[in-house]
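The structure appears right after this line, and notes come after that.
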Amino acid sequence: MEKEAFAPAYKEIFPFWERIPEAERDYICRNSYAFSYPKGKNIHDGSECSGVIVVRSGSIRLYLLSDEGKDITLYRLHSGDMCMLSASCVLEAITFDVFLDVEEDSDCLVISGPAFAAAADRNPEIKIFALETALGRFSDVMWVMQQILFMSMDKRLAIFLADESARTGSDIIRLTHGQIALYMGSAREVVSRMLKYFANEGIVEVSRGGIHILDKKRLRQFTR
């Protein structure tokens, strides 16, 4: 892809884009690449600086992985989202490894990590943007940890269902029990048991097509 293809997307995504020199914009575009990733592909295993990833379509999961193979979902990236934590060479304070798996066929723009880091060193506005973006994501991570450590399972599940409904604009959550458990850092059996309880209370209806939220008011009561 040429500069003409990357520049409009970056103008929309980066608030600093029009405030940096044209030479820097050209430099970032020359070091950008367009990728189409198939579902199931791992695109970052924590071992190197993969670069700044911008999701144009699809869905990507970012998670931590223990030595025993247990993982915790930190957050998911959807259309318009960007990942800075995959660019450890940009933010040297990142000393932990994160992993990125493609959940749905995804089209992404990737800016070379070393190139973005070089541009950030020359332009304070880019560096500030990178730090602020990472800080926002760390807030998401802390929210996940707070839920896992301090919240009951019914409250956590209610929050997840309410958030997913708000994100998709639908009362039907088209995810399997296993997927929900993966995103919540729980066990499938625990999720299934809690969904059965919600179903018995008339809050949701569970079927092969997904989870249909029947009573949003009561669901929200569990989130408090």
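We name chains A, B, ... following the order of the structure tokens; residues begin at 1 in each chain, and ligands are numbered from 1 as shown.
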
- Item | Nearby residues (only C-alpha atoms) at most 9 Å from range 194-198 of chain A, same-chain spacing under 2 positions excluded, as a PyMOL selection string | chain A and resi 153-154+157+177+189-192+200-206+211+219

- Message: With only C-alpha atoms as the counted atoms, please give the residues lying no more than 7 Å from Asp101 in chain A, apart from itself and same-chain residues fewer than 5 positions off, as a VMD selection string.
- Response: chain A and resid 40 to 43 60 to 62

Residues of the last selection are to be written out with N, CA and C atoms, as a compact mmCIF listing (two decimals), in the first residue's frame.
# COMPACT_ATOMS: atom_id res chain seq x y z
N GLY A 40 -7.52 -17.46 14.43
CA GLY A 40 -6.70 -18.45 15.10
C GLY A 40 -5.21 -18.18 15.07
N LYS A 41 -4.78 -17.22 14.27
CA LYS A 41 -3.35 -16.94 14.14
C LYS A 41 -2.84 -16.14 15.33
N ASN A 42 -1.67 -16.51 15.83
CA ASN A 42 -0.99 -15.71 16.84
C ASN A 42 -0.13 -14.69 16.12
N ILE A 43 -0.32 -13.41 16.42
CA ILE A 43 0.43 -12.37 15.71
C ILE A 43 1.44 -11.67 16.60
N ILE A 60 -9.27 -9.10 17.85
CA ILE A 60 -8.01 -9.67 18.34
C ILE A 60 -8.03 -9.67 19.86
N ARG A 61 -7.55 -10.77 20.44
CA ARG A 61 -7.51 -10.90 21.90
C ARG A 61 -6.08 -10.72 22.39
N LEU A 62 -5.91 -9.89 23.43
CA LEU A 62 -4.61 -9.68 24.05
C LEU A 62 -4.65 -10.30 25.44

- Message: Measuring between only C-alpha atoms, which one of A:Ile159, A:Phe99, A:Ile126, A:Lys39 shows the shortest distance to Pro21 in chain A?
- Response: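 Using only C-alpha atoms, Pro21 in chain A sits closest to A:Ile126.
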
- Message: Write out as a PyMOL selection string the set of residues from range 15-209 of chain A that DSSP, computed on the backbone, places in strand (DSSP E).
- Response: chain A and resi 32-37+42-44+52-65+71-77+82-83+99-111+172-173+204-207

Please report as a tab-separated table every residue of range 62-83 of chain A lying within 7 Å of range 48-54 of chain A, along with the nearest atom pair and their distance in Å (one decimal), using only C-alpha atoms.
residue	atom	partner	partner_atom	distance
A:Gly80	CA	A:Val54	CA	6.8
A:Asp81	CA	A:Val54	CA	6.0
A:Met82	CA	A:Val54	CA	4.4
A:Cys83	CA	A:Ile53	CA	5.2

Please dump the current selection as a short mmCIF file (atom, residue, chain, number, x, y, z; two decimals), in the first residue's frame; keep N, CA and C atoms.
data_model
loop_
_atom_site.label_atom_id
_atom_site.label_comp_id
_atom_site.auth_asym_id
_atom_site.auth_seq_id
_atom_site.Cartn_x
_atom_site.Cartn_y
_atom_site.Cartn_z
N GLY A 80 -11.05 -0.14 14.66
CA GLY A 80 -10.71 1.19 15.13
C GLY A 80 -9.81 1.21 16.34
N ASP A 81 -9.60 0.04 16.98
CA ASP A 81 -8.75 -0.02 18.17
C ASP A 81 -7.28 -0.16 17.77
N MET A 82 -6.41 0.20 18.70
CA MET A 82 -4.98 0.17 18.44
C MET A 82 -4.27 -0.47 19.63
N CYS A 83 -3.20 -1.21 19.37
CA CYS A 83 -2.43 -1.85 20.43
C CYS A 83 -1.02 -1.27 20.45
#

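The coordinates place CA of Cys89 in chain A at 18.4 Å from CA of Leu64 in chain A.
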
- Mind checking which residues fall within 12 Å of Lys70 in chain A, counting only C-alpha atoms, ignoring those fewer than 2 positions away in the same chain, and posting them as an NGL selection string? :A and (63-68 or 72-73 or 182 or 185-187)

- Mind pulling up the distance from CA of Ser86 in chain A to CA of Trp143 in chain A?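 That distance, rounded to one decimal, is 19.7 Å.
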
- Task: Name all residues at most 9 Å from Phe35 in chain A (count only C-alpha atoms; drop same-chain ones fewer than 3 positions away) and give them as a list of chain:residue names.
- Result: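 Counting only C-alpha atoms, the residues come to A:Ser106, A:Asp107, A:Cys108, A:Leu109, A:Val110.
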